[in-house]
$ cat target-v1.txt   # compact mmCIF, C-alpha atoms
# COMPACT_ATOMS: atom_id res chain seq x y z
CA MET K 1322 -52.55 84.29 93.22
CA PHE K 1323 -50.21 85.85 95.77
CA ASP K 1324 -52.69 84.98 98.58
CA LEU K 1325 -52.72 81.33 97.50
CA LEU K 1326 -48.90 81.13 97.53
CA LEU K 1327 -48.79 82.79 100.95
CA PHE K 1328 -51.37 80.30 102.26
CA LEU K 1329 -49.41 77.32 100.88
CA PHE K 1330 -46.17 78.65 102.38
CA ARG K 1331 -47.79 79.06 105.81
CA PHE K 1332 -49.38 75.61 105.60
CA GLY K 1333 -46.03 74.07 104.63
CA ALA K 1334 -44.22 75.85 107.49
CA VAL K 1335 -46.77 74.57 110.02
CA ALA K 1336 -46.52 71.04 108.57
CA VAL K 1337 -42.71 71.10 108.89
CA LEU K 1338 -43.01 72.37 112.47
CA TYR K 1339 -45.39 69.56 113.43
CA LEU K 1340 -43.15 66.98 111.76
CA PHE K 1341 -40.18 68.29 113.74
CA LEU K 1342 -42.14 68.15 117.02
CA TRP K 1343 -43.30 64.59 116.24
CA GLN K 1344 -39.72 63.42 115.65
CA ALA K 1345 -38.49 65.16 118.83
CA LEU K 1346 -41.26 63.49 120.85
CA LYS K 1347 -40.35 60.05 119.46
CA ILE K 1348 -36.71 60.57 120.44
CA MET K 1349 -37.65 61.70 123.97
CA VAL K 1350 -39.89 58.66 124.51
CA ARG K 1351 -37.14 56.33 123.28
CA ASP K 1352 -34.61 57.96 125.62
CA LEU K 1353 -36.94 57.54 128.61
CA GLU K 1354 -37.22 53.79 128.16
CA ILE K 1355 -35.42 51.89 130.92
CA PRO K 1356 -32.54 49.78 129.61
CA GLN K 1357 -32.56 46.12 130.56
CA PRO K 1358 -29.33 44.40 131.57
CA GLN K 1359 -27.57 42.27 128.96
CA ALA K 1360 -24.76 40.76 131.03
CA GLN K 1361 -23.41 37.41 129.85
CA GLY K 1362 -26.77 35.73 129.18
CA LEU K 1363 -27.34 34.86 132.86
CA PHE K 1364 -30.42 37.02 133.29
CA LEU K 1365 -33.86 35.52 133.06
CA LYS K 1366 -36.86 37.29 131.54
CA LYS K 1367 -39.18 36.65 134.48
CA GLY K 1368 -38.91 35.54 138.07
CA PHE K 1369 -36.65 36.99 140.73
CA TYR K 1370 -35.48 40.55 140.19
CA LEU K 1371 -33.97 43.60 141.83
CA VAL K 1372 -35.36 47.00 140.90
CA VAL K 1373 -33.42 50.20 141.59
CA LEU K 1374 -35.36 52.47 143.97
CA GLU K 1375 -32.53 54.90 144.68
CA PRO K 1376 -29.47 54.93 142.37
CA GLY K 1377 -27.39 56.91 144.87
CA LYS K 1378 -23.99 57.84 143.44
CA SER K 1379 -24.08 55.10 140.79
CA SER K 1380 -24.84 55.32 137.09
CA LEU K 1381 -27.89 53.04 137.47
CA GLN K 1382 -31.31 54.43 136.64
CA ARG K 1383 -34.31 54.57 138.94
CA ARG K 1384 -36.76 51.67 138.19
CA GLN K 1385 -34.06 49.72 136.30
CA LYS K 1386 -34.78 46.00 136.74
CA PHE K 1387 -32.27 43.19 136.96
CA TYR K 1388 -33.93 39.81 136.37
CA LEU K 1389 -31.60 37.31 137.99
CA SER K 1390 -30.65 33.69 137.97
CA PRO K 1391 -28.82 31.92 140.83
CA ASP K 1392 -25.21 32.73 141.69
CA ILE K 1393 -25.12 36.37 140.63
CA THR K 1394 -22.24 38.54 141.81
CA ILE K 1395 -22.68 42.23 142.49
CA GLY K 1396 -19.88 44.77 142.71
CA ARG K 1397 -17.87 47.53 141.10
CA ASP K 1398 -15.63 45.22 139.02
CA PRO K 1399 -16.82 44.84 135.38
CA GLN K 1400 -16.56 41.04 135.75
CA ASN K 1401 -19.62 41.02 138.04
CA HIS K 1402 -23.06 40.16 136.70
CA VAL K 1403 -24.52 43.35 138.20
CA VAL K 1404 -22.00 46.19 138.01
CA ILE K 1405 -22.50 49.17 140.32
CA GLU K 1406 -20.15 52.07 139.66
CA ASP K 1407 -20.34 53.57 143.14
CA PRO K 1408 -17.37 54.60 145.33
CA TYR K 1409 -18.99 52.84 148.33
CA VAL K 1410 -19.29 49.48 146.54
CA SER K 1411 -16.44 46.96 146.74
CA SER K 1412 -15.12 45.29 143.60
CA GLN K 1413 -16.67 41.97 144.75
CA HIS K 1414 -19.44 43.16 147.06
CA ALA K 1415 -22.25 40.59 147.33
CA LEU K 1416 -23.49 37.25 146.01
CA ILE K 1417 -27.12 36.24 145.39
CA THR K 1418 -27.80 32.51 145.33
CA CYS K 1419 -30.80 30.23 145.11
CA ARG K 1420 -30.55 26.91 146.92
CA GLU K 1421 -33.49 24.56 147.32
CA GLY K 1422 -35.86 27.28 146.11
CA ARG K 1423 -34.67 29.84 148.68
CA TRP K 1424 -33.08 33.11 147.52
CA CYS K 1425 -30.29 34.46 149.74
CA ILE K 1426 -27.75 37.26 149.65
CA THR K 1427 -24.25 37.05 151.13
CA ASP K 1428 -21.86 39.91 151.74
CA LEU K 1429 -18.42 39.10 150.31
CA ASN K 1430 -16.46 40.86 153.08
CA SER K 1431 -17.15 44.25 151.54
CA THR K 1432 -15.82 47.37 153.23
CA ASN K 1433 -19.19 49.10 153.67
CA GLY K 1434 -21.42 46.06 154.06
CA THR K 1435 -24.65 44.87 152.49
CA TYR K 1436 -27.96 45.62 154.19
CA VAL K 1437 -31.38 43.97 153.94
CA ASN K 1438 -34.22 45.99 155.47
CA GLY K 1439 -31.66 48.07 157.38
CA LYS K 1440 -29.92 45.06 158.94
CA ARG K 1441 -26.30 44.28 158.02
CA VAL K 1442 -25.97 40.96 156.17
CA GLN K 1443 -23.48 38.40 157.42
CA GLU K 1444 -24.05 35.34 155.26
CA ASN K 1445 -26.98 33.73 153.47
CA GLU K 1446 -29.56 36.32 154.48
CA PRO K 1447 -32.93 35.20 153.02
CA LEU K 1448 -34.53 37.50 150.45
CA ASN K 1449 -38.28 37.91 150.17
CA HIS K 1450 -40.56 39.86 147.86
CA GLY K 1451 -40.61 43.48 149.01
CA ASP K 1452 -37.28 43.42 150.88
CA MET K 1453 -35.04 46.47 150.56
CA VAL K 1454 -31.37 45.79 149.78
CA ARG K 1455 -28.74 48.51 150.14
CA ILE K 1456 -25.36 48.10 148.48
CA GLY K 1457 -23.21 51.21 148.75
CA THR K 1458 -25.53 54.16 148.12
CA VAL K 1459 -27.85 52.11 145.87
CA ILE K 1460 -31.17 50.83 147.23
CA PHE K 1461 -32.88 47.93 145.48
CA LYS K 1462 -36.29 46.41 146.09
CA VAL K 1463 -36.65 42.65 145.74
CA GLY K 1464 -39.44 41.44 143.51
CA TRP K 1465 -40.86 38.31 141.96
CA GLU K 1466 -42.91 37.84 138.78
CA GLU K 1467 -44.71 34.64 137.81

$ encode --input "target-v1.txt" --output "structure tokens"
Amino acid sequence: MFDLLLFLFRFGAVAVLYLFLWQALKIMVRDLEIPQPQAQGLFLKKGFYLVVLEPGKSSLQRRQKFYLSPDITIGRDPQNHVVIEDPYVSSQHALITCREGRWCITDLNSTNGTYVNGKRVQENEPLNHGDMVRIGTVIFKVGWEE
């Protein structure tokens, strides 16, 4: 009888341990999911996007995607559509527009500039799939999904 109780106790302890590990694994997987932006309903679910390659000194996460619509402002100020909390980003840093089917980025006279493929942007620099955009210490890659 004592052996049966000991067996049941051991079995129960192992079952509790596996249940604990299962719950911990579920929490870790949920925490690893990349959050999607929710700013002001201006983001589309497919199409043009920026994906974070290097978050630099910001609070953004690597591989975080921002699906965009035309006339999106980027900067440190919370009123922007894409907010980058980085000391090298101006409060109103850049503007992404789409005119006549052409996506462009414009630097809004930021202190540290906006760069596309290593070249400083002046105004209405065209954006293409695969371009690298640097704003402050953050590096984005431009993408497009059908």

$ residues_around --input "target-v1.txt" --residues "Leu1374 in chain K" --least-positions-apart "2" --cutoff "7 Å" --atoms "all atoms listed in the file" --output "PDB file with C-alpha atoms, in the frame of the given file"
ATOM      1  CA  VAL K1372     -35.360  47.000 140.900  1.00  0.00           C
ATOM      2  CA  PRO K1376     -29.470  54.930 142.370  1.00  0.00           C
ATOM      3  CA  ARG K1383     -34.310  54.570 138.940  1.00  0.00           C
ATOM      4  CA  ARG K1384     -36.760  51.670 138.190  1.00  0.00           C
ATOM      5  CA  ILE K1460     -31.170  50.830 147.230  1.00  0.00           C
ATOM      6  CA  PHE K1461     -32.880  47.930 145.480  1.00  0.00           C
ATOM      7  CA  LYS K1462     -36.290  46.410 146.090  1.00  0.00           C
TER       8      LYS K1462
END

$ atom_distance --input "target-v1.txt" --atom1 "CA of Ala1345 in chain K" --atom2 "CA of Phe1330 in chain K"
22.6 Å

$ residues_around --input "target-v1.txt" --residues "Gly1457 in chain K" --least-positions-apart "5" --cutoff "9 Å" --atoms "all atoms listed in the file" --output "list in words"
Gly1377, Lys1378, Ser1379, Ile1405, Asp1407, Pro1408, Tyr1409, Val1410, Ser1411, Asn1433, Gly1434 and Thr1435 of chain K

$ residues_around --input "target-v1.txt" --residues "Asn1401 in chain K" --least-positions-apart "3" --cutoff "10 Å" --atoms "only C-alpha atoms" --output "MDAnalysis selection string"
chainID K and resid 1360:1361 1393:1398 1404:1405 1412:1416

$ axis_aligned_box --input "target-v1.txt" --around "range 1430-1447 of chain K" --padding-each-side "6 Å" --output "AutoDock Vina command-line options"
--center_x -25.0 --center_y 41.4 --center_z 155.2 --size_x 30.4 --size_y 27.4 --size_z 19.4

$ closest_residue --input "target-v1.txt" --among "K:Phe1323, K:Phe1332, K:Trp1424, K:Trp1465" --to "Asp1392 in chain K" --atoms "all atoms listed in the file"
K:Trp1424

$ closest_residue --input "target-v1.txt" --among "K:Phe1369, K:Tyr1388, K:Tyr1436, K:Trp1343" --to "His1450 in chain K" --atoms "only C-alpha atoms"
K:Phe1369

$ atom_distance --input "target-v1.txt" --atom1 "CA of Ala1334 in chain K" --atom2 "CA of Leu1346 in chain K"
18.4 Å

$ atom_distance --input "target-v1.txt" --atom1 "CA of Asn1438 in chain K" --atom2 "CA of Gly1464 in chain K"
13.8 Å

$ closest_residue --input "target-v1.txt" --among "K:Cys1419, K:Cys1425, K:Val1337, K:Leu1389" --to "Glu1446 in chain K" --atoms "only C-alpha atoms"
K:Cys1425

$ residues_around --input "target-v1.txt" --residues "Val1463 in chain K" --least-positions-apart "3" --cutoff "8 Å" --atoms "only C-alpha atoms" --output "list of chain:residue names"
K:Phe1369, K:Tyr1370, K:Leu1371, K:Val1372, K:Leu1448, K:Asn1449, K:His1450, K:Gly1451, K:Asp1452, K:Met1453, K:Val1454
